[in-house]
>>> print(open('final.tsv').read())   # TSV, C-alpha atoms
chain	number	residue	atom	x	y	z
A	1	MET	CA	-136.51	61.97	44.99
A	2	LYS	CA	-139.02	62.19	47.83
A	3	ALA	CA	-141.45	64.25	45.78
A	4	LEU	CA	-141.32	62.23	42.55
A	5	GLN	CA	-140.30	58.66	43.19
A	6	GLY	CA	-143.33	56.36	43.29
A	7	ARG	CA	-145.77	58.73	41.59
A	8	LEU	CA	-147.57	57.79	38.39
A	9	LEU	CA	-145.61	58.79	35.30
A	10	GLN	CA	-148.84	59.97	33.67
A	11	PRO	CA	-152.00	59.94	35.83
A	12	GLU	CA	-154.26	59.50	32.79
A	13	SER	CA	-152.32	56.36	31.75
A	14	PRO	CA	-151.50	54.41	34.95
A	15	GLU	CA	-150.40	51.40	32.91
A	16	LEU	CA	-147.26	53.34	31.95
A	17	GLY	CA	-145.96	52.83	35.47
A	18	ARG	CA	-144.48	55.05	38.16
A	19	TRP	CA	-141.45	57.23	38.65
A	20	LEU	CA	-138.51	55.03	39.55
A	21	HIS	CA	-135.10	56.07	40.81
A	22	ASP	CA	-133.57	56.06	37.32
A	23	ASP	CA	-136.44	58.14	35.93
A	24	VAL	CA	-135.81	60.83	38.51
A	25	GLU	CA	-132.07	60.77	37.84
A	26	GLN	CA	-132.69	61.26	34.12
A	27	MET	CA	-135.08	64.10	34.83
A	28	LEU	CA	-132.51	65.81	37.07
A	29	GLU	CA	-129.82	65.42	34.42
A	30	ALA	CA	-132.08	66.98	31.79
A	31	THR	CA	-133.01	69.79	34.18
A	32	TRP	CA	-129.42	70.76	35.00
A	33	SER	CA	-128.52	70.70	31.30
A	34	ARG	CA	-131.32	73.20	30.69
A	35	VAL	CA	-130.24	75.30	33.67
A	36	ALA	CA	-126.87	75.82	32.01
A	37	VAL	CA	-128.61	77.14	28.90
A	38	LEU	CA	-131.16	79.35	30.67
A	39	LEU	CA	-128.54	80.95	32.90
A	40	HIS	CA	-127.11	82.68	29.84
A	41	THR	CA	-130.40	84.59	29.52
A	42	ALA	CA	-131.01	85.27	33.23
A	43	ASN	CA	-128.61	88.24	33.42
A	44	LEU	CA	-127.74	87.46	37.03
A	45	GLU	CA	-124.95	90.03	36.92
A	46	ARG	CA	-127.59	92.76	36.59
A	47	ILE	CA	-129.48	91.65	39.71
A	48	PRO	CA	-128.29	93.93	42.54
A	49	THR	CA	-128.04	91.65	45.62
A	50	LEU	CA	-127.05	88.11	46.50
A	51	GLY	CA	-130.51	87.26	47.85
A	52	ASN	CA	-132.23	88.51	44.71
A	53	ARG	CA	-129.79	86.59	42.50
A	54	HIS	CA	-130.38	83.49	44.63
A	55	ASN	CA	-134.12	83.65	43.91
A	56	VAL	CA	-133.67	84.26	40.19
A	57	PHE	CA	-131.37	81.23	40.05
A	58	LEU	CA	-134.10	79.13	41.71
A	59	ALA	CA	-136.58	80.43	39.11
A	60	VAL	CA	-134.15	79.26	36.42
A	61	VAL	CA	-134.08	75.80	38.02
A	62	THR	CA	-137.86	75.44	38.32
A	63	THR	CA	-138.36	76.68	34.75
A	64	ALA	CA	-135.74	74.25	33.47
A	65	ALA	CA	-137.45	71.40	35.34
A	66	PHE	CA	-140.82	72.30	33.81
A	67	GLN	CA	-139.37	72.42	30.31
A	68	ALA	CA	-137.58	69.11	30.80
A	69	LEU	CA	-140.79	67.43	31.96
A	70	VAL	CA	-142.81	68.76	29.03
A	71	GLU	CA	-140.16	67.52	26.61
A	72	ASN	CA	-140.47	64.15	28.35
A	73	ASN	CA	-144.11	63.92	27.22
A	74	GLN	CA	-145.71	65.23	30.40
A	75	THR	CA	-148.76	67.45	29.97
A	76	LYS	CA	-148.22	71.09	30.90
A	77	GLN	CA	-150.59	70.80	33.86
A	78	HIS	CA	-149.00	67.61	35.20
A	79	ALA	CA	-145.49	69.05	34.67
A	80	SER	CA	-146.56	72.15	36.63
A	81	ASP	CA	-147.90	69.97	39.44
A	82	LEU	CA	-144.70	67.92	39.62
A	83	VAL	CA	-142.48	71.02	39.68
A	84	ALA	CA	-144.68	72.58	42.35
A	85	ASP	CA	-144.52	69.45	44.51
A	86	VAL	CA	-140.74	69.20	44.23
A	87	GLY	CA	-140.31	72.92	44.84
A	88	TRP	CA	-142.54	72.79	47.90
A	89	LYS	CA	-140.18	70.34	49.58
A	90	VAL	CA	-137.39	72.90	49.23
A	91	TYR	CA	-139.56	75.88	50.17
A	92	GLU	CA	-140.98	74.12	53.23
A	93	LEU	CA	-137.51	73.37	54.57
A	94	GLY	CA	-136.44	76.96	53.98
A	95	ILE	CA	-139.44	78.58	55.66
A	96	LYS	CA	-139.19	76.22	58.63
A	97	PHE	CA	-135.50	77.04	59.01
A	98	VAL	CA	-136.01	80.82	58.88
A	99	SER	CA	-139.01	80.83	61.23
A	100	LEU	CA	-137.68	78.23	63.70
A	101	PRO	CA	-135.97	80.68	66.12
A	102	PHE	CA	-139.14	82.72	66.41
A	103	ARG	CA	-141.42	79.70	66.74
A	104	LEU	CA	-139.19	78.48	69.57
A	105	THR	CA	-138.95	81.79	71.43
A	106	THR	CA	-142.57	82.95	71.37
A	107	ARG	CA	-146.05	81.49	71.13
A	108	ASN	CA	-147.44	84.77	69.86
A	109	PRO	CA	-148.35	84.41	66.14
A	110	ARG	CA	-147.98	88.15	65.63
A	111	LYS	CA	-144.40	88.16	66.88
A	112	ARG	CA	-143.60	85.01	64.92
A	113	MET	CA	-144.99	86.54	61.75
A	114	GLU	CA	-143.40	89.96	62.17
A	115	ARG	CA	-139.96	88.62	63.04
A	116	THR	CA	-139.93	86.05	60.24
A	117	ILE	CA	-141.14	88.50	57.60
A	118	ARG	CA	-138.60	91.06	58.81
A	119	THR	CA	-135.84	88.45	58.42
A	120	LEU	CA	-137.00	87.43	54.95
A	121	LEU	CA	-137.04	91.07	53.88
A	122	LYS	CA	-133.33	91.16	54.67
A	123	PHE	CA	-132.56	87.90	52.82
A	124	PRO	CA	-133.41	86.80	50.24
A	125	PHE	CA	-136.29	89.25	49.62
A	126	ASN	CA	-134.43	92.49	50.33
A	127	ALA	CA	-135.70	95.18	48.00
A	128	PRO	CA	-133.06	97.42	46.41
A	129	GLY	CA	-135.49	98.37	43.63
A	130	ARG	CA	-135.65	97.37	39.98
A	131	PRO	CA	-134.34	95.14	38.51
A	132	GLY	CA	-134.38	93.61	42.01
A	133	TYR	CA	-137.34	93.39	44.33
A	134	GLU	CA	-139.38	96.50	44.96
A	135	VAL	CA	-141.81	96.54	47.89
A	136	LYS	CA	-143.80	98.80	50.19
A	137	VAL	CA	-144.43	97.42	53.71
A	138	GLU	CA	-147.15	98.41	56.18
A	139	SER	CA	-148.54	97.09	59.47
A	140	GLN	CA	-152.25	97.37	60.27
A	141	ASP	CA	-153.88	95.92	63.36
A	142	SER	CA	-153.41	92.14	62.99
A	143	GLN	CA	-151.90	92.27	59.51
A	144	ILE	CA	-148.60	92.80	57.77
A	145	LEU	CA	-149.16	94.26	54.30
A	146	THR	CA	-146.56	94.10	51.54
A	147	TYR	CA	-147.04	95.53	48.06
A	148	TRP	CA	-144.55	94.06	45.59
A	149	SER	CA	-144.23	95.97	42.34
A	150	SER	CA	-141.11	94.20	41.08
A	151	CYS	CA	-140.24	90.50	41.43
A	152	PRO	CA	-137.02	89.48	39.62
A	153	PRO	CA	-137.84	85.73	39.42
A	154	GLN	CA	-141.19	86.54	37.80
A	155	THR	CA	-139.46	89.05	35.53
A	156	PHE	CA	-137.04	86.36	34.38
A	157	VAL	CA	-139.92	84.08	33.36
A	158	ARG	CA	-141.78	86.91	31.61
A	159	ASN	CA	-138.68	87.88	29.65
A	160	LEU	CA	-138.22	84.23	28.70
A	161	ILE	CA	-141.72	83.82	27.26
A	162	GLU	CA	-141.56	87.19	25.49
A	163	ARG	CA	-138.44	86.00	23.73
A	164	ASP	CA	-139.24	82.32	23.12
A	165	GLY	CA	-143.04	82.20	23.34
A	166	ASP	CA	-145.19	81.02	26.24
A	167	LYS	CA	-145.11	77.23	26.50
A	168	GLY	CA	-146.64	77.19	29.94
A	169	GLU	CA	-143.67	78.49	31.93
A	170	LEU	CA	-145.49	81.44	33.49
A	171	GLU	CA	-148.43	79.33	34.66
A	172	ALA	CA	-145.98	76.79	36.08
A	173	PHE	CA	-144.26	79.62	37.94
A	174	TYR	CA	-147.59	80.76	39.37
A	175	ARG	CA	-148.66	77.27	40.42
A	176	SER	CA	-145.44	76.82	42.39
A	177	TRP	CA	-143.83	80.07	43.50
A	178	CYS	CA	-147.00	82.12	43.89
A	179	LEU	CA	-149.09	79.46	45.63
A	180	TYR	CA	-146.58	78.57	48.35
A	181	ASP	CA	-147.44	81.70	50.35
A	182	TRP	CA	-150.67	80.32	51.84
A	183	PRO	CA	-149.21	77.19	53.48
A	184	GLY	CA	-145.95	79.04	54.16
A	185	ALA	CA	-147.78	81.62	56.28
A	186	ASP	CA	-149.45	78.83	58.28
A	187	ILE	CA	-146.02	77.34	59.02
A	188	ILE	CA	-144.69	80.72	60.16
A	189	ALA	CA	-147.62	81.36	62.52
A	190	GLY	CA	-147.30	77.85	63.92
A	191	ASP	CA	-150.59	77.97	65.82
A	192	ASP	CA	-152.20	74.88	64.21
A	193	GLU	CA	-154.65	77.07	62.30
A	194	ARG	CA	-155.13	78.03	58.66
A	195	GLY	CA	-155.90	81.31	56.93
A	196	HIS	CA	-152.83	83.40	57.76
A	197	TYR	CA	-152.39	84.74	54.23
A	198	HIS	CA	-154.45	86.66	51.69
A	199	ARG	CA	-153.77	88.12	48.25
A	200	THR	CA	-156.11	89.53	45.60
A	201	SER	CA	-153.63	90.59	42.90
A	202	THR	CA	-150.54	88.85	41.56
A	203	LEU	CA	-147.79	90.02	39.22
A	204	SER	CA	-147.58	86.69	37.40
A	205	LYS	CA	-151.30	86.98	36.61
A	206	GLY	CA	-150.76	90.34	34.94
A	207	ASP	CA	-151.65	92.57	37.89
A	208	PRO	CA	-149.51	95.65	38.61
A	209	VAL	CA	-148.70	94.53	42.17
A	210	CYS	CA	-148.68	91.52	44.49
A	211	ASN	CA	-150.66	92.73	47.52
A	212	MET	CA	-149.55	90.15	50.05
A	213	CYS	CA	-151.26	90.22	53.44
A	214	TRP	CA	-150.06	88.13	56.39
A	215	LYS	CA	-152.71	87.82	59.08
A	216	TYR	CA	-152.37	86.58	62.65
A	217	LYS	CA	-154.54	86.04	65.67
A	218	ILE	CA	-153.94	88.55	68.43
A	219	ILE	CA	-153.43	86.90	71.82
A	220	THR	CA	-153.51	88.54	75.21
A	221	GLN	CA	-150.46	89.35	77.31
A	222	ALA	CA	-151.51	86.63	79.76
A	223	GLN	CA	-151.46	84.07	76.96
A	224	ASP	CA	-148.03	85.16	75.75
A	225	HIS	CA	-145.46	84.04	78.32
A	226	THR	CA	-142.44	84.65	76.05
A	227	ASN	CA	-140.91	87.61	74.23
>>> encode(input="final.tsv", output="structure tokens")
Amino acid sequence: MKALQGRLLQPESPELGRWLHDDVEQMLEATWSRVAVLLHTANLERIPTLGNRHNVFLAVVTTAAFQALVENNQTKQHASDLVADVGWKVYELGIKFVSLPFRLTTRNPRKRMERTIRTLLKFPFNAPGRPGYEVKVESQDSQILTYWSSCPPQTFVRNLIERDGDKGELEAFYRSWCLYDWPGADIIAGDDERGHYHRTSTLSKGDPVCNMCWKYKIITQAQDHTN
């Protein structure tokens, strides 16, 4: 409701009006109807851990929302933007919740980043291997490097478009799921600065790996008065 209500229904045709409460309710109803259909193809029972299944389920929901919006005469780009904006509200709450203990107990961005990423790698991004997440993790100087070679939510969307044809679902996935990492890293660091994340290859863009790099500013021991 917070993400959609009050926005233009179609930015190129402002005379059509804005999203009202009933419009959002209808969109949610259409989304959950599609979720029930897509779940039959998600093969959640094959995904090895609860956290991995949790993320695939969320990919089902965002894909269903995109499809529902396109069927409601939204352009693919605008539907992607709307899904991304709604999804960000959920993602932002989640990343703030996970990183909160570490943002409260230390001012050191390195410790905040390391402890939050370590927690996320236990849930929901634990990596049991295919068909679940598969990742290699390294630490270098002021960086945490993760190389993801398998991402079950992305795999779900790829399998969907291979079966039914690509109607924009993969690009919608990229514009939401894959672009949250930059602002998410800034939230984790919590030092009122930007630029804590970098990536040059992405699975959903056809690359063989997501080479995610979390970067932090090193502070001196005198500056860090907490653990």
>>> closest_residue(input="final.tsv", among="A:Ala65, A:Ile47, A:Val56, A:Leu20", to="Ser80 in chain A", atoms="only C-alpha atoms")
A:Ala65
>>> residues_around(input="final.tsv", residues="Pro183 in chain A", least_positions_apart="2", cutoff="10 Å", atoms="all atoms listed in the file", output="NGL selection string")
:A and (88 or 92 or 179-181 or 185-188 or 194-197)
>>> residues_around(input="final.tsv", residues="Gly132 in chain A", least_positions_apart="2", cutoff="8 Å", atoms="only C-alpha atoms", output="MDAnalysis selection string")
chainID A and resid 47:49 52 127:130 134 150:152
>>> closest_residue(input="final.tsv", among="A:Tyr133, A:Gly6, A:Ala30, A:Pro124", to="Glu71 in chain A", atoms="all atoms listed in the file")
A:Ala30
>>> closest_residue(input="final.tsv", among="A:Ile117, A:Cys213, A:Leu9, A:Leu160", to="Leu39 in chain A", atoms="only C-alpha atoms")
A:Leu160
>>> atom_distance(input="final.tsv", atom1="CA of Lys215 in chain A", atom2="CA of Thr200 in chain A")
14.0 Å
>>> atom_distance(input="final.tsv", atom1="CA of Phe123 in chain A", atom2="CA of Val98 in chain A")
9.9 Å
>>> residues_around(input="final.tsv", residues="Trp148 in chain A", least_positions_apart="6", cutoff="9 Å", atoms="all atoms listed in the file", output="compact mmCIF listing (two decimals) with C-alpha atoms, in the coordinates of the input")
# COMPACT_ATOMS: atom_id res chain seq x y z
CA TYR A 133 -137.34 93.39 44.33
CA GLU A 134 -139.38 96.50 44.96
CA VAL A 135 -141.81 96.54 47.89
CA LYS A 136 -143.80 98.80 50.19
CA VAL A 137 -144.43 97.42 53.71
CA THR A 202 -150.54 88.85 41.56
CA LEU A 203 -147.79 90.02 39.22
CA PRO A 208 -149.51 95.65 38.61
CA VAL A 209 -148.70 94.53 42.17
CA CYS A 210 -148.68 91.52 44.49
CA ASN A 211 -150.66 92.73 47.52
CA MET A 212 -149.55 90.15 50.05
>>> axis_aligned_box(input="final.tsv", around="range 76-85 of chain A", padding_each_side="5 Å", output="lines of an AutoDock Vina configuration file")
center_x = -146.5
center_y = 70.1
center_z = 37.7
size_x = 18.1
size_y = 15.0
size_z = 23.6
>>> closest_residue(input="final.tsv", among="A:His78, A:Lys217, A:Arg163, A:Arg46", to="Asn108 in chain A", atoms="only C-alpha atoms")
A:Lys217
>>> atom_distance(input="final.tsv", atom1="CA of Met27 in chain A", atom2="CA of Phe125 in chain A")
29.2 Å
>>> closest_residue(input="final.tsv", among="A:Glu114, A:Glu29, A:Glu45, A:Asp191", to="Ala68 in chain A", atoms="all atoms listed in the file")
A:Glu29
>>> closest_residue(input="final.tsv", among="A:Asp85, A:Asp23, A:Asp192, A:Glu15", to="Asn72 in chain A", atoms="only C-alpha atoms")
A:Asp23
